[in-house]
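Trainee: Have a look at the structure that comes next, please.
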Amino acid sequence: MSSDTAQTPAPPRLVQSSREGDVLVLTIHNPPVNAFSPGVPEGLKAGLDEAESDDSVRAVVIIGGGRTFIAGADIKTFNLPREQAPDLRGTIAKLDGFQKPTVAAIHGTALGGGFELALGCSYRVATKDAQVGLPEVKLGVLPGAGGTQRLPRVVGVQKALEMMLSGNPVKASQAKELGLIDEIVEGDLLQGAVAFARRVADARPLPRISEREVEGASPEVFAAAREGIRKTHRGQLSPGLIIDLVELATQVPFDEGHRIEGEKFMEAKDSPQSRGLRHIFFAEREAAKIADVDRSTPRREIRTVGVIGAGTMGGGIAMNFLNVGVPVTIVETSQEALDRGLGIIRRNYENTAKKGRLSLEDVEKRMGLLTPSLSYDDLAGADLIIEAVFEDMAVKKAIFAKLDAVAKPGAILATNTSTLDVNEIAAVTGRPGDVIGLHFFSPANVMRLLEIVRADQTSPEVLATCMDLSKKIGKVGVVVGVCPGFVGNRMLVPYRDQANELVLRGARPQDVDAAMHALGMPMGPFEMGDMAGLDIGYASRREAAKKSGEPMPDDWVDRVVELGRKGQKTGAGVYDYPEGRRPVPSPLIEELIESYRAEKGIERREFTPDEAMKRQAYALMNEGARILEEGIAQRASDIDVIYVFGYGFPAYRGGPMQYASEQGLKNVVADLERYGIEPAPLLRRLAEEGKTFTDYDQGRMGR
Ligand code: 3HC
């Protein structure tokens, strides 16, 4: 043996073959989720060859080692050239044509390619807590290994569309009712699967889903599905392809549908939309990792929570904990405020119950976990206390000084501030290591983002505990540093400036908003401003001007506020709202803008929708690049997560940083210069080096 060969480690065996008497068992060992990585198809095919050539083998069981069956194709291999990608389709074709019974034994989750592989087997058995599904749409692709052709052959057109367009898995019991699972195994899965395999060992002909007919096709079903995705998946490519392929399954033989499915999968996989969604999939998981906080950092136990303030924010925050069974004590300054706050929480739960998503018993259970109080002394036993009062530094400091006096040692003291300096708040306590910012987004019981604000002295233990807690309450936690507005709101400042500038130079507010709709945002900047209330920004600008002693900078939007038009709440803002929340362009505001331009001697010019969109999206990204360089965010991908989960940036664009990378940072810099916007130094550097923000993240994380 040459020394070269001696040093090369043998490739890990991802599929192990073993015998249970006359049944051959193929166990996949590819932790953590047994994704279909290189090595898995080779192992499975070799196992099938072994079963084929050995007459003493009567049936084959395929099972996952560890916590799950195959959770899908290995998404990391999607960037590989076609010929290097693991051969999932070939493996399933081999199973489909196999002459002995094959049984998929499912526990955990059989998703995407993993479930498609199971559908290629003759039979499927599962534990009762297993789940199966085809979530590809969430990654901007479609089931590309027979799923679009096999699923409708089992569950019919309607249900197949529903499953593939939502991407949501179904539980084993429902899968059994749908005919997707042949048997639910009680007790040991492997033993149950082997016993099942023996029972069907002599069954011939073998059941093959590919040979079945598709039921439930009608032009109306497809028309309704196409109409439906215009609302649920606006602007996205893969849902339409999924519908086309299911329709195809009703029109052409399996092999033909399967071949076309393969081509369409490649088309979807290579689209910027799928790259964006895959980016967000990994970015969300990456965000949970805190660079200098070790995984083994001890966590504090959070058994009870205190919330200060029963307003909209405090109430929403409390609900997050009540929802997962954690008791909350909520403190207010007056009985009236307390009653009002509790009333809103109860109404929220009752509305959910009315929609059938919560039982009345659960409403009472959750309300029963909530203790109203007028005294800080009642917070003495809380493991975590979150302050959610209005944004006033003096008030917050007074609260934290009181908390320092009453909270037990080791309690985490959090502020929900969206702009104020968490270091300054921490400094009034004798335990700054226990102080942290937990910035929830409104409505706090709905929005998934949680900015976890790390102050200078926040301890690693407190950080790690809050990150775990975010997952427990169903949030996506992202660690950010201290600066005005942290990450998300800080980026809004240049974004709004750019929107105002566009109008000032000649665009109409509705065109500026429409440009962001075209990007996929549910609301443009002016619609968002009207919804949030224009007076809030106005007041903070006036406050800042007062502090600095400078006059308040002149701005056309401020003149809108000065007319008493504060947004939706006053029935008028930048837009008119003659009928509820639908914005209607206002002739009065058009006039105001026109005369403002005339006063400033600004000549009107045209903006293409593309320029209007890029100016705004790049304004976000440019500030993001500054934030990144200052170390306020750990990674560019964290900024993307913040915008997707907190601000409605479309996931299929991957977030503002990924969107810019996708355009090519060199092109972005050239555009910014053309628009007269100064590119951030980091952006310029990356563009010169021909890199993307993902390259930057990987360089910093040493990957
Ligand atoms: N490929 C590669 N890595 C994957 C993966 C996949 N399909 N699924 C999960 N992982 C990785 C995650 O990135 C994470 O890595 P990390 O520890 O380094 O951060 C690790 O596995 C654990 O994942 P989670 O943190 O998400 O673990 P959970 O237990 O919370 O959830 C899960 C497990 C439900 C399987 C979830 O990971 C999931 O939904 N995965 C994606 C499943 C999927 O979309 N499958 C379809 C793929 S596309 C396909 O199959 C195409 C085919 O039709 C041709």
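Letters A, B, ... go to the chains of the structure tokens in the order shown; residues in each chain start at 1; ligands are counted from 1 in the same order.
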Residues contacting ligand 1 - anything with an atom at most 6 Å away, using only C-alpha atoms and all ligand atoms - can you give me those as a list in words?

Mentor: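 For ligand 1, the residues inside 6 Å are Pro32, Val33, Ala35, Ala71, Gly72, Ala73, Asp74, Ile75, Lys76, Leu111, Gly112, Gly113, Pro135, Glu136, Pro143, Gly144, Ala145, Phe282, Arg285 and Glu286 of chain A.
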
Trainee: Running DSSP on the backbone, which parts of stretch 487-657 of chain A land in strand (DSSP E or B), as an MDAnalysis selection string?

Mentor: chainID A and resid 567 572 575:576 584:585 633

Trainee: Excluding stretch 391-397 of chain A and its own-chain neighbours fewer than 3 positions away, which residues fall within 9 Å of it when counting only C-alpha atoms? Please give them as a PyMOL selection string.

Mentor: chain A and resi 387-388+400-402+415+417-421+424-429

Trainee: For the selection just defined, write its residues with N, CA and C atoms to a file, as a PDB file, in the first residue's frame.

Mentor:
ATOM      1  N   GLU A 387     -39.024  44.158  30.678  1.00  0.00           N
ATOM      2  CA  GLU A 387     -39.650  45.481  30.788  1.00  0.00           C
ATOM      3  C   GLU A 387     -40.167  45.877  29.417  1.00  0.00           C
ATOM      4  N   ALA A 388     -41.450  46.275  29.366  1.00  0.00           N
ATOM      5  CA  ALA A 388     -42.048  46.669  28.082  1.00  0.00           C
ATOM      6  C   ALA A 388     -42.887  47.926  28.274  1.00  0.00           C
ATOM      7  N   PHE A 400     -35.312  49.691  36.167  1.00  0.00           N
ATOM      8  CA  PHE A 400     -34.206  48.739  36.362  1.00  0.00           C
ATOM      9  C   PHE A 400     -33.565  48.884  37.748  1.00  0.00           C
ATOM     10  N   ALA A 401     -33.560  50.090  38.277  1.00  0.00           N
ATOM     11  CA  ALA A 401     -33.029  50.266  39.634  1.00  0.00           C
ATOM     12  C   ALA A 401     -33.934  49.514  40.618  1.00  0.00           C
ATOM     13  N   LYS A 402     -35.246  49.607  40.394  1.00  0.00           N
ATOM     14  CA  LYS A 402     -36.191  48.887  41.271  1.00  0.00           C
ATOM     15  C   LYS A 402     -36.018  47.377  41.115  1.00  0.00           C
ATOM     16  N   THR A 415     -34.832  44.290  28.663  1.00  0.00           N
ATOM     17  CA  THR A 415     -35.620  45.427  28.215  1.00  0.00           C
ATOM     18  C   THR A 415     -36.082  45.181  26.784  1.00  0.00           C
ATOM     19  N   THR A 417     -36.690  47.561  24.750  1.00  0.00           N
ATOM     20  CA  THR A 417     -36.490  48.808  24.005  1.00  0.00           C
ATOM     21  C   THR A 417     -36.187  48.525  22.536  1.00  0.00           C
ATOM     22  N   SER A 418     -36.650  49.418  21.644  1.00  0.00           N
ATOM     23  CA  SER A 418     -36.329  49.220  20.225  1.00  0.00           C
ATOM     24  C   SER A 418     -35.261  50.209  19.771  1.00  0.00           C
ATOM     25  N   THR A 419     -34.879  51.139  20.632  1.00  0.00           N
ATOM     26  CA  THR A 419     -33.876  52.129  20.202  1.00  0.00           C
ATOM     27  C   THR A 419     -32.864  52.494  21.277  1.00  0.00           C
ATOM     28  N   LEU A 420     -33.226  52.376  22.546  1.00  0.00           N
ATOM     29  CA  LEU A 420     -32.380  52.976  23.589  1.00  0.00           C
ATOM     30  C   LEU A 420     -31.146  52.132  23.906  1.00  0.00           C
ATOM     31  N   ASP A 421     -30.180  52.796  24.557  1.00  0.00           N
ATOM     32  CA  ASP A 421     -28.883  52.186  24.844  1.00  0.00           C
ATOM     33  C   ASP A 421     -28.991  51.197  26.017  1.00  0.00           C
ATOM     34  N   GLU A 424     -26.570  51.703  28.955  1.00  0.00           N
ATOM     35  CA  GLU A 424     -26.935  52.746  29.910  1.00  0.00           C
ATOM     36  C   GLU A 424     -27.966  52.212  30.910  1.00  0.00           C
ATOM     37  N   ILE A 425     -28.865  51.385  30.405  1.00  0.00           N
ATOM     38  CA  ILE A 425     -29.888  50.787  31.286  1.00  0.00           C
ATOM     39  C   ILE A 425     -29.218  49.811  32.258  1.00  0.00           C
ATOM     40  N   ALA A 426     -28.292  48.986  31.729  1.00  0.00           N
ATOM     41  CA  ALA A 426     -27.620  47.977  32.559  1.00  0.00           C
ATOM     42  C   ALA A 426     -26.820  48.641  33.676  1.00  0.00           C
ATOM     43  N   ALA A 427     -26.290  49.840  33.376  1.00  0.00           N
ATOM     44  CA  ALA A 427     -25.375  50.502  34.314  1.00  0.00           C
ATOM     45  C   ALA A 427     -26.064  50.941  35.606  1.00  0.00           C
ATOM     46  N   VAL A 428     -27.407  51.043  35.604  1.00  0.00           N
ATOM     47  CA  VAL A 428     -28.064  51.449  36.856  1.00  0.00           C
ATOM     48  C   VAL A 428     -28.241  50.257  37.799  1.00  0.00           C
ATOM     49  N   THR A 429     -27.900  49.069  37.331  1.00  0.00           N
ATOM     50  CA  THR A 429     -28.036  47.896  38.203  1.00  0.00           C
ATOM     51  C   THR A 429     -26.651  47.494  38.724  1.00  0.00           C
TER      52      THR A 429
END

Trainee: Would you list the contacts of A:Val493 as a PDB file with N, CA and C atoms, in the first residue's frame, taking every protein, DNA or RNA residue within 10 Å and counting only C-alpha atoms, but skipping same-chain residues closer than 6 positions in sequence?

Mentor:
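The file below, result.pdb, is the result:
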ATOM      1  N   GLY A 485     -31.444  51.842  17.338  1.00  0.00           N
ATOM      2  CA  GLY A 485     -32.270  51.065  16.405  1.00  0.00           C
ATOM      3  C   GLY A 485     -31.772  49.645  16.192  1.00  0.00           C
ATOM      4  N   GLY A 537     -42.170  59.029  14.048  1.00  0.00           N
ATOM      5  CA  GLY A 537     -40.881  59.456  13.491  1.00  0.00           C
ATOM      6  C   GLY A 537     -40.732  60.968  13.622  1.00  0.00           C
ATOM      7  N   ALA A 619     -30.454  50.653  -0.248  1.00  0.00           N
ATOM      8  CA  ALA A 619     -30.280  51.524   0.918  1.00  0.00           C
ATOM      9  C   ALA A 619     -30.275  50.667   2.189  1.00  0.00           C
ATOM     10  N   LEU A 620     -31.150  49.657   2.223  1.00  0.00           N
ATOM     11  CA  LEU A 620     -31.169  48.735   3.366  1.00  0.00           C
ATOM     12  C   LEU A 620     -29.834  48.008   3.463  1.00  0.00           C
ATOM     13  N   GLU A 623     -26.672  50.041   4.561  1.00  0.00           N
ATOM     14  CA  GLU A 623     -26.587  50.251   6.008  1.00  0.00           C
ATOM     15  C   GLU A 623     -26.236  48.920   6.690  1.00  0.00           C
TER      16      GLU A 623
END

Trainee: Considering only C-alpha atoms, give me a table of residues in stretch 401-429 of chain A that are at most 7 Å from stretch 452-467 of chain A, with the closest atom pair and distance in Å for each, as a Markdown table.

Mentor:
| residue | atom | partner | partner_atom | distance |
| --- | --- | --- | --- | --- |
| A:Ile412 | CA | A:Val462 | CA | 6.8 |
| A:Val422 | CA | A:Ala455 | CA | 5.9 |
| A:Asn423 | CA | A:Ala455 | CA | 5.5 |

Trainee: Using only C-alpha atoms, which protein or nucleic acid residues come within 9 Å of A:Val170? Drop anything in the same chain fewer than 2 positions from it, and give the result as a count of residues only.

Mentor: 10
